[in-house]
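Just below is one structure, and these are the notes that go with it.
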There are 2 protein chains.
Amino acid sequence: MTVDTVNSRTPARTHYAVPMAGSPGTGTRVEQKERTRRAILDAALRLSEQGGGLSGLSLRQLAKEVGVVPTAFYRHFASIDELGLALVEESFESLRAMIRDVRQGNPQPAEIIERSVDVLAEHVAANRGHFAFISRERYSGPPVVRDAVVRQLELFERELATDLARIPAPHWSSADFQILANLIVGAMVNTVVDLLEASPNEQARLRARAERQLRMVVVGALRWRSDWQD
Amino acid sequence: MTVDTVNSRTPARTHYAVPMAGSPGTGTRVEQKERTRRAILDAALRLSEQGGGLSGLSLRQLAKEVGVVPTAFYRHFASIDELGLALVEESFESLRAMIRDVRQGNPQPAEIIERSVDVLAEHVAANRGHFAFISRERYSGPPVVRDAVVRQLELFERELATDLARIPAPHWSSADFQILANLIVGAMVNTVVDLLEASPNEQARLRARAERQLRMVVVGALRWRSDWQD
DNA sequence: ATTTTGAGTGTACGTCCGTTCACTGAGTAC
DNA sequence: GTACTCAGTGAACGGACGTACACTCAAAAT
């Protein structure tokens, strides 16, 4: 019986004991753990983009993709919700890297729209997973994750509003900047969603569309007086 | 054995044979079928709003909510996808009723924005389920349903573009109207999403925001010349 | 009065799910 | 060199899922 148990388990080791793809066993224990954690995060992004979002993701499916037994998941996250929160964090880090990228280089007002859209398109292409995650889980997704995304997006919107407040607009209240920021963020999120499932030449069209929309909005904003109505 | 079978099945009839809530058995057979169909559609809207969207909806859950045995579902729809398509149809019927409601009465350009937003808010409040369904399944949701929603939304956008094309704007191309319509529809869908989970006094703020955004966009549009750039 | 129809019933199946538990064994601290 | 730690294993559970199948029994058709 003892022999039986040993025999039935030993071969499994050759399949599982070194679970990660690519460069397997190298490194210390914490490095190995981090590597598995990354593999889980990546697999979760990949699978939830194909399947029905994060809520439609199963532990077993995820574990199989990573090359690990289902229960091993719990060594890294207490639940799928917590995994989701980590992905929110990561995805918005992507987004903040993007605006940092926009800012650095040139604050010339004339080019800023074109440059913003270019950087947006680049970052969306380079970080599909993160942007798809944000725009998807914003509406579907486990309530906790959904709330986290919405909160981060509101934060981002407020930051944009304070940025916008530096443009010279005599008759504007701070509420007006907030409203304008909401409009712009909404339009850009819509652009991202469309970009994510567009062929390369459609992407060019979408970039042109985004630029024109931003220009329209900015032109409207410059002519706007908050005391016109209401 | 035969007796056993009969005995074990007979009592169930008293629970299920007249399944619908409210006014149960009245009417012809086709009326009764229609009543069950409606109950399924309503329950699907209700449950998918609480749970994880239409993709997170289970046949058994749905059947229990309706007060019917799971397999009875197949008398009305071949699959959940097909049920989803019926809901898309119904939801966009709601939306078209809304724009009909905007049009009738007054085409005064000065009031049209205020009236549009008012009607939007009313219809969203009156048809929560439909509007929530559209904005949710647009991104999550079974691929077939998702595609149907996206297609209908594009259609709606094109209709708005032709409506807009009647405003006097000398330097506009038809592509410009399309782009403007996209911007407006996007902003309104965002408004709907926010309205759906807002308290009554927040709803007033959101209506004011939507009005201002529309005004900003329209002001920008009127000053726009498509030959400015690109 | 009879047959036919079909919405709804109830059982049973195989599959996947999340989570528990005791375990192994290589890397680490002592 | 020994003891400890802990990422990963694998079996087992109870429950929910979709769907098949044969059935019932009033309403509709004849």
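Chain labels A, B, ... are given in the sequence in which chains occur in the structure tokens; within each chain residues are numbered consecutively from 1, and ligands are likewise numbered from 1 in the order shown.
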**Request:** For chain A, work out the contacting residues on chain C at 12 Å, counting only C-alpha atoms (C1' of nucleotides), and write them as a PyMOL selection string.
**Result:** chain C and resi 16-21+23-28
Print the selection's residues with N, CA and C atoms (P, O5', C5', C4', C3', O3' and C1' of nucleotides) to a file, as a PDB file, in the first residue's frame.
```pdb
ATOM      1  P    DC C  16     -15.719  18.292 -18.562  1.00  0.00           P
ATOM      2  O5'  DC C  16     -15.768  19.503 -17.523  1.00  0.00           O
ATOM      3  C5'  DC C  16     -16.529  20.663 -17.835  1.00  0.00           C
ATOM      4  C4'  DC C  16     -16.872  21.355 -16.547  1.00  0.00           C
ATOM      5  C3'  DC C  16     -15.653  21.791 -15.716  1.00  0.00           C
ATOM      6  O3'  DC C  16     -15.565  23.212 -15.766  1.00  0.00           O
ATOM      7  C1'  DC C  16     -17.406  20.862 -14.365  1.00  0.00           C
ATOM      8  P    DC C  17     -14.370  23.969 -15.120  1.00  0.00           P
ATOM      9  O5'  DC C  17     -14.923  24.347 -13.671  1.00  0.00           O
ATOM     10  C5'  DC C  17     -16.106  25.137 -13.588  1.00  0.00           C
ATOM     11  C4'  DC C  17     -16.661  25.088 -12.182  1.00  0.00           C
ATOM     12  C3'  DC C  17     -15.623  25.337 -11.106  1.00  0.00           C
ATOM     13  O3'  DC C  17     -15.458  26.732 -10.957  1.00  0.00           O
ATOM     14  C1'  DC C  17     -17.151  23.589 -10.485  1.00  0.00           C
ATOM     15  P    DG C  18     -14.151  27.238 -10.280  1.00  0.00           P
ATOM     16  O5'  DG C  18     -14.458  27.086  -8.715  1.00  0.00           O
ATOM     17  C5'  DG C  18     -15.574  27.775  -8.178  1.00  0.00           C
ATOM     18  C4'  DG C  18     -15.687  27.503  -6.699  1.00  0.00           C
ATOM     19  C3'  DG C  18     -14.454  27.872  -5.875  1.00  0.00           C
ATOM     20  O3'  DG C  18     -14.881  28.383  -4.618  1.00  0.00           O
ATOM     21  C1'  DG C  18     -14.849  25.543  -5.694  1.00  0.00           C
ATOM     22  P    DT C  19     -13.812  29.000  -3.606  1.00  0.00           P
ATOM     23  O5'  DT C  19     -13.603  27.816  -2.568  1.00  0.00           O
ATOM     24  C5'  DT C  19     -14.699  26.965  -2.273  1.00  0.00           C
ATOM     25  C4'  DT C  19     -14.274  25.836  -1.352  1.00  0.00           C
ATOM     26  C3'  DT C  19     -12.985  26.069  -0.560  1.00  0.00           C
ATOM     27  O3'  DT C  19     -13.257  25.801   0.811  1.00  0.00           O
ATOM     28  C1'  DT C  19     -12.914  23.983  -1.665  1.00  0.00           C
ATOM     29  P    DT C  20     -12.152  25.857   1.962  1.00  0.00           P
ATOM     30  O5'  DT C  20     -11.878  24.311   2.323  1.00  0.00           O
ATOM     31  C5'  DT C  20     -12.919  23.492   2.870  1.00  0.00           C
ATOM     32  C4'  DT C  20     -12.320  22.131   3.235  1.00  0.00           C
ATOM     33  C3'  DT C  20     -10.916  22.252   3.813  1.00  0.00           C
ATOM     34  O3'  DT C  20     -10.887  22.263   5.258  1.00  0.00           O
ATOM     35  C1'  DT C  20     -11.010  20.587   2.062  1.00  0.00           C
ATOM     36  P    DC C  21     -10.877  20.983   6.300  1.00  0.00           P
ATOM     37  O5'  DC C  21      -9.751  19.983   5.780  1.00  0.00           O
ATOM     38  C5'  DC C  21     -10.062  18.587   5.689  1.00  0.00           C
ATOM     39  C4'  DC C  21      -8.912  17.811   5.087  1.00  0.00           C
ATOM     40  C3'  DC C  21      -7.581  18.010   5.799  1.00  0.00           C
ATOM     41  O3'  DC C  21      -7.376  16.910   6.682  1.00  0.00           O
ATOM     42  C1'  DC C  21      -7.346  17.913   3.406  1.00  0.00           C
ATOM     43  P    DC C  23      -1.146  12.377   6.013  1.00  0.00           P
ATOM     44  O5'  DC C  23      -0.304  12.941   4.770  1.00  0.00           O
ATOM     45  C5'  DC C  23       0.002  12.076   3.693  1.00  0.00           C
ATOM     46  C4'  DC C  23       0.781  12.819   2.636  1.00  0.00           C
ATOM     47  C3'  DC C  23       2.146  13.363   3.056  1.00  0.00           C
ATOM     48  O3'  DC C  23       3.173  12.361   3.188  1.00  0.00           O
ATOM     49  C1'  DC C  23       0.984  14.854   1.573  1.00  0.00           C
ATOM     50  P    DT C  24       3.864  11.577   2.013  1.00  0.00           P
ATOM     51  O5'  DT C  24       4.454  12.664   1.041  1.00  0.00           O
ATOM     52  C5'  DT C  24       4.492  12.340  -0.370  1.00  0.00           C
ATOM     53  C4'  DT C  24       5.173  13.470  -1.095  1.00  0.00           C
ATOM     54  C3'  DT C  24       6.701  13.493  -0.882  1.00  0.00           C
ATOM     55  O3'  DT C  24       7.279  13.560  -2.162  1.00  0.00           O
ATOM     56  C1'  DT C  24       5.773  15.627  -0.537  1.00  0.00           C
ATOM     57  P    DG C  25       8.630  12.816  -2.433  1.00  0.00           P
ATOM     58  O5'  DG C  25       9.595  14.021  -2.804  1.00  0.00           O
ATOM     59  C5'  DG C  25       9.112  15.065  -3.636  1.00  0.00           C
ATOM     60  C4'  DG C  25       9.880  16.333  -3.343  1.00  0.00           C
ATOM     61  C3'  DG C  25      11.332  16.101  -2.885  1.00  0.00           C
ATOM     62  O3'  DG C  25      12.144  17.083  -3.517  1.00  0.00           O
ATOM     63  C1'  DG C  25      10.226  17.418  -1.317  1.00  0.00           C
ATOM     64  P    DA C  26      13.524  16.663  -4.162  1.00  0.00           P
ATOM     65  O5'  DA C  26      14.079  18.054  -4.665  1.00  0.00           O
ATOM     66  C5'  DA C  26      13.239  18.882  -5.458  1.00  0.00           C
ATOM     67  C4'  DA C  26      13.237  20.303  -4.917  1.00  0.00           C
ATOM     68  C3'  DA C  26      14.633  20.900  -4.694  1.00  0.00           C
ATOM     69  O3'  DA C  26      14.615  22.238  -5.142  1.00  0.00           O
ATOM     70  C1'  DA C  26      13.397  21.010  -2.696  1.00  0.00           C
ATOM     71  P    DG C  27      15.955  23.076  -5.353  1.00  0.00           P
ATOM     72  O5'  DG C  27      15.818  24.167  -4.204  1.00  0.00           O
ATOM     73  C5'  DG C  27      14.904  25.232  -4.405  1.00  0.00           C
ATOM     74  C4'  DG C  27      14.721  25.967  -3.100  1.00  0.00           C
ATOM     75  C3'  DG C  27      15.970  26.724  -2.606  1.00  0.00           C
ATOM     76  O3'  DG C  27      15.540  28.003  -2.176  1.00  0.00           O
ATOM     77  C1'  DG C  27      15.172  25.312  -0.908  1.00  0.00           C
ATOM     78  P    DT C  28      16.562  29.128  -1.755  1.00  0.00           P
ATOM     79  O5'  DT C  28      16.470  29.094  -0.178  1.00  0.00           O
ATOM     80  C5'  DT C  28      15.238  29.479   0.443  1.00  0.00           C
ATOM     81  C4'  DT C  28      15.369  29.315   1.933  1.00  0.00           C
ATOM     82  C3'  DT C  28      16.572  30.038   2.539  1.00  0.00           C
ATOM     83  O3'  DT C  28      16.079  31.023   3.419  1.00  0.00           O
ATOM     84  C1'  DT C  28      16.337  27.819   3.409  1.00  0.00           C
TER      85       DT C  28
END
```
**Message:** Give me, as a ChimeraX atom specification, the residues of segment 14-226 of chain B that a backbone DSSP run labels helix (DSSP H, G or I).
**Reply:** /B:14-16,29-50,54-56,59-66,70-75,80-103,112-126,128-137,143-164,174-196,200-222
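Ranking A:Val102, A:Leu47, A:Leu83, A:Leu57 by their shortest atom-to-atom distance to chain B, with only C-alpha atoms included, puts A:Leu57 first.
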**Item:** At most 10 Å to chain A: residues in chain B, only C-alpha atoms, as an NGL selection string
**Value:** :B and (49 or 51-56 or 132 or 135-143 or 175-176 or 178-180 or 182-191 or 193 or 206 or 208-226 or 228-230)
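Checking A:Ala39, A:Ala126, A:Val69, A:Ala63 one by one against chain D, counting only C-alpha atoms (C1' of nucleotides), you find the shortest gap at A:Val69.
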**Item:** Selection near Arg166 of chain B, 10 Å with only C-alpha atoms (C1' of nucleotides), sequence-local residues under 4 positions removed, as a list of chain:residue names
**Value:**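 Neighbouring residues, sequence-local ones excluded: B:Ala161, B:Thr162, B:Phe177.
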With N, CA and C atoms retained, export the selected residues as a PDB file, in the first residue's frame.
```
ATOM      1  N   ALA B 161     -26.676  60.313 -37.448  1.00  0.00           N
ATOM      2  CA  ALA B 161     -25.816  61.079 -38.363  1.00  0.00           C
ATOM      3  C   ALA B 161     -26.648  61.728 -39.477  1.00  0.00           C
ATOM      4  N   THR B 162     -27.605  60.998 -40.032  1.00  0.00           N
ATOM      5  CA  THR B 162     -28.417  61.580 -41.104  1.00  0.00           C
ATOM      6  C   THR B 162     -29.340  62.662 -40.545  1.00  0.00           C
ATOM      7  N   PHE B 177     -20.248  64.234 -39.901  1.00  0.00           N
ATOM      8  CA  PHE B 177     -21.502  63.978 -39.184  1.00  0.00           C
ATOM      9  C   PHE B 177     -21.466  62.605 -38.520  1.00  0.00           C
TER      10      PHE B 177
END
```
Pull the closest atom pair for each residue of chain D that gets at most 12 Å from chain B, along with the distance in Å to one decimal, counting only C-alpha atoms (C1' of nucleotides), ordering rows by chain and then ascending residue number, as a Markdown table.
```
| residue | atom | partner | partner_atom | distance |
| --- | --- | --- | --- | --- |
| D:DA16 | C1' | B:Arg60 | CA | 8.8 |
| D:DC17 | C1' | B:Ser58 | CA | 7.6 |
| D:DG18 | C1' | B:Leu59 | CA | 7.8 |
| D:DT19 | C1' | B:Thr71 | CA | 8.1 |
| D:DA20 | C1' | B:Thr71 | CA | 10.1 |
| D:DC21 | C1' | B:Thr71 | CA | 11.0 |
| D:DC23 | C1' | B:Arg9 | CA | 9.6 |
| D:DT24 | C1' | B:Arg13 | CA | 9.2 |
| D:DC25 | C1' | B:Ala17 | CA | 9.5 |
| D:DA26 | C1' | B:Arg29 | CA | 9.3 |
| D:DA27 | C1' | B:Arg29 | CA | 6.5 |
| D:DA28 | C1' | B:Arg29 | CA | 8.5 |
```
Selected residues written out, C-alpha atoms (C1' of nucleotides), as an mmCIF file, in the first residue's frame:
```cif
data_model
loop_
_atom_site.group_PDB
_atom_site.id
_atom_site.type_symbol
_atom_site.label_atom_id
_atom_site.label_comp_id
_atom_site.auth_asym_id
_atom_site.auth_seq_id
_atom_site.Cartn_x
_atom_site.Cartn_y
_atom_site.Cartn_z
ATOM 1 C "C1'" DA D 16 -24.903 23.147 -9.860
ATOM 2 C "C1'" DC D 17 -24.926 22.829 -14.494
ATOM 3 C "C1'" DG D 18 -27.047 21.544 -19.580
ATOM 4 C "C1'" DT D 19 -29.579 18.252 -21.820
ATOM 5 C "C1'" DA D 20 -31.807 13.531 -23.019
ATOM 6 C "C1'" DC D 21 -35.829 11.144 -22.428
ATOM 7 C "C1'" DC D 23 -44.369 11.045 -19.593
ATOM 8 C "C1'" DT D 24 -49.144 13.737 -18.643
ATOM 9 C "C1'" DC D 25 -53.235 15.960 -19.561
ATOM 10 C "C1'" DA D 26 -56.031 19.982 -21.004
ATOM 11 C "C1'" DA D 27 -57.048 22.553 -25.033
ATOM 12 C "C1'" DA D 28 -57.710 22.349 -29.967
#
```
**Complete:** Residue with the minimum atom-to-atom distance to Ile113 of chain A, picked from A:Glu31, A:Glu89, A:Met98, A:Arg207 with only C-alpha atoms counted, is A:Arg207
**Item:** Nearest to Leu160 of chain A by atom-to-atom distance, counting only C-alpha atoms, from A:Ile40, A:Leu85, A:Ile99, A:Asn201
**Value:**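 Among A:Ile40, A:Leu85, A:Ile99, A:Asn201, it is A:Ile99 that comes nearest to Leu160 of chain A.
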**Distance in Å - atom CA of Ala72 of chain B versus atom C1' of DT9 of chain C** =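 Atom-to-atom, atom CA of Ala72 of chain B and atom C1' of DT9 of chain C are spaced 8.4 Å apart.
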